[in-house]
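With compact mmCIF, N, CA and C atoms inside, this is my_file-v9.txt:
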```
# COMPACT_ATOMS: atom_id res chain seq x y z
N LYS Q 236 -52.64 -30.44 19.07
CA LYS Q 236 -52.58 -30.95 20.42
C LYS Q 236 -52.08 -32.40 20.45
N ARG Q 237 -52.48 -33.23 19.49
CA ARG Q 237 -52.06 -34.62 19.49
C ARG Q 237 -50.54 -34.74 19.45
N TRP Q 238 -49.87 -33.84 18.73
CA TRP Q 238 -48.41 -33.90 18.65
C TRP Q 238 -47.79 -33.60 20.01
N SER Q 239 -48.26 -32.56 20.65
CA SER Q 239 -47.67 -32.17 21.93
C SER Q 239 -48.03 -33.15 23.05
N ALA Q 240 -49.18 -33.79 22.95
CA ALA Q 240 -49.59 -34.75 23.98
C ALA Q 240 -48.78 -36.05 23.87
N GLY Q 241 -48.22 -36.32 22.71
CA GLY Q 241 -47.42 -37.53 22.53
C GLY Q 241 -48.28 -38.71 22.12
N ALA Q 242 -47.60 -39.79 21.80
CA ALA Q 242 -48.28 -41.00 21.37
C ALA Q 242 -49.01 -41.65 22.54
N ARG Q 243 -50.13 -42.27 22.23
CA ARG Q 243 -50.92 -42.94 23.27
C ARG Q 243 -50.21 -44.21 23.75
N PHE Q 244 -49.58 -44.93 22.82
CA PHE Q 244 -48.88 -46.16 23.14
C PHE Q 244 -47.39 -46.00 22.88
N LYS Q 245 -46.58 -46.73 23.59
CA LYS Q 245 -45.12 -46.69 23.46
C LYS Q 245 -44.64 -48.02 22.89
N VAL Q 246 -43.41 -48.04 22.37
CA VAL Q 246 -42.81 -49.27 21.87
C VAL Q 246 -42.77 -50.29 23.01
N GLY Q 247 -43.24 -51.50 22.73
CA GLY Q 247 -43.27 -52.56 23.74
C GLY Q 247 -44.61 -52.71 24.43
N ASP Q 248 -45.51 -51.73 24.29
CA ASP Q 248 -46.84 -51.84 24.90
C ASP Q 248 -47.65 -52.94 24.21
N MET Q 249 -48.44 -53.65 25.00
CA MET Q 249 -49.34 -54.65 24.44
C MET Q 249 -50.69 -53.99 24.21
N VAL Q 250 -51.26 -54.25 23.04
CA VAL Q 250 -52.54 -53.66 22.67
C VAL Q 250 -53.46 -54.74 22.11
N VAL Q 251 -54.75 -54.41 22.05
CA VAL Q 251 -55.74 -55.29 21.43
C VAL Q 251 -56.23 -54.57 20.17
N ASN Q 252 -56.18 -55.27 19.05
CA ASN Q 252 -56.65 -54.71 17.80
C ASN Q 252 -58.18 -54.72 17.81
N LYS Q 253 -58.79 -53.57 17.60
CA LYS Q 253 -60.25 -53.50 17.61
C LYS Q 253 -60.84 -53.25 16.23
N TYR Q 254 -60.00 -53.19 15.19
CA TYR Q 254 -60.55 -52.91 13.88
C TYR Q 254 -59.91 -53.71 12.74
N TYR Q 255 -58.60 -53.73 12.64
CA TYR Q 255 -57.89 -54.30 11.50
C TYR Q 255 -58.48 -55.68 11.17
N PRO Q 256 -59.18 -55.82 10.05
CA PRO Q 256 -60.04 -56.99 9.78
C PRO Q 256 -59.42 -58.37 10.00
N HIS Q 257 -58.23 -58.64 9.48
CA HIS Q 257 -57.67 -59.98 9.61
C HIS Q 257 -57.21 -60.31 11.03
N TYR Q 258 -57.05 -59.28 11.86
CA TYR Q 258 -56.53 -59.50 13.20
C TYR Q 258 -57.46 -58.99 14.29
N TYR Q 259 -58.76 -58.93 14.01
CA TYR Q 259 -59.70 -58.39 15.00
C TYR Q 259 -59.59 -59.16 16.32
N GLY Q 260 -59.44 -58.42 17.40
CA GLY Q 260 -59.36 -59.01 18.73
C GLY Q 260 -58.02 -59.62 19.07
N THR Q 261 -57.05 -59.50 18.19
CA THR Q 261 -55.73 -60.08 18.41
C THR Q 261 -54.88 -59.17 19.30
N ILE Q 262 -54.13 -59.78 20.20
CA ILE Q 262 -53.18 -59.02 21.02
C ILE Q 262 -51.93 -58.80 20.18
N ALA Q 263 -51.37 -57.61 20.26
CA ALA Q 263 -50.17 -57.28 19.50
C ALA Q 263 -49.22 -56.47 20.38
N VAL Q 264 -47.96 -56.43 19.97
CA VAL Q 264 -46.95 -55.64 20.67
C VAL Q 264 -46.52 -54.52 19.73
N ILE Q 265 -46.52 -53.29 20.23
CA ILE Q 265 -46.11 -52.13 19.43
C ILE Q 265 -44.62 -52.21 19.15
N GLU Q 266 -44.25 -52.15 17.86
CA GLU Q 266 -42.85 -52.21 17.45
C GLU Q 266 -42.30 -50.84 17.07
N GLU Q 267 -43.15 -50.00 16.51
CA GLU Q 267 -42.68 -48.72 15.97
C GLU Q 267 -43.78 -47.67 16.11
N VAL Q 268 -43.39 -46.46 16.47
CA VAL Q 268 -44.33 -45.34 16.60
C VAL Q 268 -43.78 -44.18 15.78
N THR Q 269 -44.61 -43.64 14.87
CA THR Q 269 -44.19 -42.49 14.06
C THR Q 269 -45.33 -41.48 13.97
N TRP Q 270 -44.96 -40.24 13.74
CA TRP Q 270 -45.93 -39.16 13.57
C TRP Q 270 -46.14 -38.94 12.08
N TRP Q 271 -47.39 -38.98 11.63
CA TRP Q 271 -47.72 -38.72 10.23
C TRP Q 271 -48.13 -37.27 10.11
N GLN Q 272 -47.25 -36.46 9.57
CA GLN Q 272 -47.49 -35.02 9.45
C GLN Q 272 -48.71 -34.73 8.58
N GLY Q 273 -48.85 -35.45 7.47
CA GLY Q 273 -49.95 -35.18 6.53
C GLY Q 273 -51.33 -35.37 7.14
N THR Q 274 -51.50 -36.41 7.95
CA THR Q 274 -52.81 -36.69 8.55
C THR Q 274 -52.92 -36.16 9.97
N GLY Q 275 -51.78 -35.81 10.57
CA GLY Q 275 -51.81 -35.30 11.94
C GLY Q 275 -52.13 -36.38 12.96
N THR Q 276 -51.67 -37.61 12.71
CA THR Q 276 -51.94 -38.71 13.62
C THR Q 276 -50.67 -39.49 13.91
N TRP Q 277 -50.67 -40.22 15.01
CA TRP Q 277 -49.60 -41.13 15.34
C TRP Q 277 -49.88 -42.44 14.64
N ASN Q 278 -48.86 -43.04 14.04
CA ASN Q 278 -49.01 -44.31 13.36
C ASN Q 278 -48.21 -45.37 14.11
N TYR Q 279 -48.76 -46.58 14.15
CA TYR Q 279 -48.15 -47.67 14.89
C TYR Q 279 -47.95 -48.88 13.99
N VAL Q 280 -46.84 -49.56 14.19
CA VAL Q 280 -46.60 -50.86 13.57
C VAL Q 280 -46.56 -51.83 14.74
N ALA Q 281 -47.42 -52.85 14.68
CA ALA Q 281 -47.51 -53.81 15.78
C ALA Q 281 -47.40 -55.23 15.25
N LEU Q 282 -46.80 -56.09 16.03
CA LEU Q 282 -46.64 -57.49 15.68
C LEU Q 282 -47.66 -58.31 16.46
N PRO Q 283 -48.56 -59.01 15.76
CA PRO Q 283 -49.58 -59.82 16.46
C PRO Q 283 -48.97 -60.98 17.23
N ILE Q 284 -49.56 -61.28 18.39
CA ILE Q 284 -49.16 -62.43 19.19
C ILE Q 284 -50.27 -63.47 19.01
N ALA Q 285 -49.92 -64.69 18.69
CA ALA Q 285 -50.89 -65.77 18.47
C ALA Q 285 -51.97 -65.33 17.48
N PRO Q 286 -51.58 -64.99 16.25
CA PRO Q 286 -52.56 -64.55 15.26
C PRO Q 286 -53.47 -65.69 14.82
N ASN Q 287 -54.58 -65.34 14.19
CA ASN Q 287 -55.52 -66.35 13.72
C ASN Q 287 -55.02 -67.02 12.45
N GLU Q 288 -55.84 -67.89 11.88
CA GLU Q 288 -55.42 -68.67 10.71
C GLU Q 288 -55.20 -67.84 9.45
N GLN Q 289 -55.67 -66.59 9.41
CA GLN Q 289 -55.49 -65.74 8.25
C GLN Q 289 -54.16 -64.98 8.28
N TYR Q 290 -53.33 -65.27 9.26
CA TYR Q 290 -52.06 -64.56 9.41
C TYR Q 290 -51.14 -64.80 8.22
N ASN Q 291 -50.56 -63.74 7.70
CA ASN Q 291 -49.61 -63.81 6.60
C ASN Q 291 -48.26 -63.34 7.14
N PRO Q 292 -47.28 -64.23 7.26
CA PRO Q 292 -46.00 -63.82 7.86
C PRO Q 292 -45.24 -62.77 7.05
N HIS Q 293 -45.55 -62.62 5.77
CA HIS Q 293 -44.84 -61.65 4.94
C HIS Q 293 -45.39 -60.24 5.09
N SER Q 294 -46.69 -60.13 5.31
CA SER Q 294 -47.29 -58.81 5.52
C SER Q 294 -48.07 -58.81 6.82
N GLY Q 295 -47.60 -59.59 7.78
CA GLY Q 295 -48.36 -59.86 8.99
C GLY Q 295 -48.36 -58.82 10.07
N LYS Q 296 -47.67 -57.70 9.87
CA LYS Q 296 -47.68 -56.67 10.89
C LYS Q 296 -48.90 -55.77 10.72
N ILE Q 297 -49.38 -55.25 11.81
CA ILE Q 297 -50.51 -54.33 11.78
C ILE Q 297 -49.93 -52.92 11.69
N ASN Q 298 -50.32 -52.17 10.68
CA ASN Q 298 -49.82 -50.82 10.46
C ASN Q 298 -51.02 -49.89 10.39
N THR Q 299 -51.28 -49.16 11.46
CA THR Q 299 -52.49 -48.33 11.52
C THR Q 299 -52.33 -47.22 12.55
N ASP Q 300 -53.36 -46.40 12.68
CA ASP Q 300 -53.33 -45.32 13.67
C ASP Q 300 -53.88 -45.80 15.01
N GLU Q 301 -53.72 -44.97 16.03
CA GLU Q 301 -54.05 -45.38 17.40
C GLU Q 301 -55.52 -45.62 17.65
N SER Q 302 -56.40 -45.12 16.79
CA SER Q 302 -57.83 -45.32 17.02
C SER Q 302 -58.23 -46.78 16.82
N LYS Q 303 -57.38 -47.58 16.21
CA LYS Q 303 -57.70 -48.98 15.95
C LYS Q 303 -57.23 -49.91 17.06
N PHE Q 304 -56.58 -49.37 18.10
CA PHE Q 304 -56.06 -50.18 19.20
C PHE Q 304 -56.68 -49.78 20.53
N LEU Q 305 -56.77 -50.75 21.41
CA LEU Q 305 -57.13 -50.53 22.81
C LEU Q 305 -55.97 -51.04 23.66
N PRO Q 306 -55.76 -50.48 24.84
CA PRO Q 306 -54.73 -51.03 25.72
C PRO Q 306 -55.09 -52.48 26.08
N ALA Q 307 -54.12 -53.34 26.25
CA ALA Q 307 -54.37 -54.74 26.58
C ALA Q 307 -54.64 -54.87 28.08
N SER Q 308 -55.70 -54.23 28.55
CA SER Q 308 -56.07 -54.30 29.96
C SER Q 308 -56.94 -55.55 30.18
N LYS Q 309 -57.11 -55.94 31.41
CA LYS Q 309 -57.91 -57.11 31.74
C LYS Q 309 -59.34 -56.94 31.22
N ARG Q 310 -59.88 -55.76 31.35
CA ARG Q 310 -61.24 -55.47 30.89
C ARG Q 310 -61.37 -55.65 29.37
N ASN Q 311 -60.41 -55.09 28.61
CA ASN Q 311 -60.46 -55.20 27.15
C ASN Q 311 -60.26 -56.63 26.68
N LEU Q 312 -59.42 -57.38 27.37
CA LEU Q 312 -59.19 -58.77 26.99
C LEU Q 312 -60.41 -59.64 27.29
N LYS Q 313 -61.04 -59.37 28.43
CA LYS Q 313 -62.21 -60.14 28.81
C LYS Q 313 -63.38 -59.88 27.87
N ALA Q 314 -63.55 -58.64 27.43
CA ALA Q 314 -64.64 -58.28 26.53
C ALA Q 314 -64.49 -59.00 25.18
N ARG Q 315 -63.29 -59.41 24.84
CA ARG Q 315 -63.04 -60.11 23.58
C ARG Q 315 -62.74 -61.58 23.79
N ASN Q 316 -63.07 -62.08 24.98
CA ASN Q 316 -62.86 -63.49 25.34
C ASN Q 316 -61.41 -63.94 25.16
N LEU Q 317 -60.47 -63.07 25.49
CA LEU Q 317 -59.05 -63.40 25.39
C LEU Q 317 -58.41 -63.64 26.74
N ALA Q 318 -59.12 -63.28 27.81
CA ALA Q 318 -58.54 -63.42 29.15
C ALA Q 318 -58.87 -64.76 29.76
```

When written as structure tokens, how does the structure in this file appear?
Amino acid sequence: KRWSAGARFKVGDMVVNKYYPHYYGTIAVIEEVTWWQGTGTWNYVALPIAPNEQYNPHSGKINTDESKFLPASKRNLKARNLA
């Protein structure tokens, strides 16, 4: 069903990272969306906006599945003191 329903986020969508340790609570922009056949999940590559001091520009993109992101809505930003 996940394949036929499509990806939750599209390229260009702004998201809030809710898990990836070095970028917790960071706003990011989705750069790439791919389907991982082996795991049956959508995978996202996102570029953090205003990353924290642990940001590494060489490996600084977030590469994970959709369960680690929330939409960058006003409610999600406020809950993480980003709004």

Exercise for the section: May I have the residues within 6 Å of segment 239-247 of chain Q as number ranges by chain, using only C-alpha atoms and disregarding those fewer than 6 positions away in the same chain? Expected result: Q: 264-267

Put those residues in a file: N, CA and C atoms, as a short mmCIF file (atom, residue, chain, number, x, y, z; two decimals), keeping the file's coordinate frame.
```cif
data_model
loop_
_atom_site.label_atom_id
_atom_site.label_comp_id
_atom_site.auth_asym_id
_atom_site.auth_seq_id
_atom_site.Cartn_x
_atom_site.Cartn_y
_atom_site.Cartn_z
N VAL Q 264 -47.96 -56.43 19.97
CA VAL Q 264 -46.95 -55.64 20.67
C VAL Q 264 -46.52 -54.52 19.73
N ILE Q 265 -46.52 -53.29 20.23
CA ILE Q 265 -46.11 -52.13 19.43
C ILE Q 265 -44.62 -52.21 19.15
N GLU Q 266 -44.25 -52.15 17.86
CA GLU Q 266 -42.85 -52.21 17.45
C GLU Q 266 -42.30 -50.84 17.07
N GLU Q 267 -43.15 -50.00 16.51
CA GLU Q 267 -42.68 -48.72 15.97
C GLU Q 267 -43.78 -47.67 16.11
#
```

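Residue nearest Leu282 of chain Q within the list Q:Ala263, Q:Lys303, Q:Asn298, Q:Val268: Q:Ala263 [criterion: smallest interatomic distance, all atoms listed in the file].
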
Problem - Of the listed residues Q:Leu305, Q:Val280, Q:Ile297, Q:Val250, that which approaches Ile262 of chain Q most closely, counting only C-alpha atoms - result: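 Counting only C-alpha atoms, the residue closest to Ile262 of chain Q is Q:Val250.
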
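Picture a line from atom CA of Lys309 of chain Q to atom N of Thr276 of chain Q; it runs 28.0 Å.
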
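Taking atom C of Thr274 of chain Q as the reference point, atom N of Leu312 of chain Q is found at 28.2 Å.
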
Practice task
Using all atoms listed in the file, find the one residue out of Q:Gly260, Q:Val251, Q:Trp270, Q:Gly275 that sits nearest to Ser308 of chain Q.
Solution key: Q:Val251

Problem - Counting all atoms listed in the file, the option among Q:Phe304, Q:Gly295, Q:Arg310, Q:Asp248 closest to Pro283 of chain Q - result: Q:Gly295

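Between atom CA of Ser302 of chain Q and atom CA of Ala281 of chain Q lies a distance of 13.4 Å.
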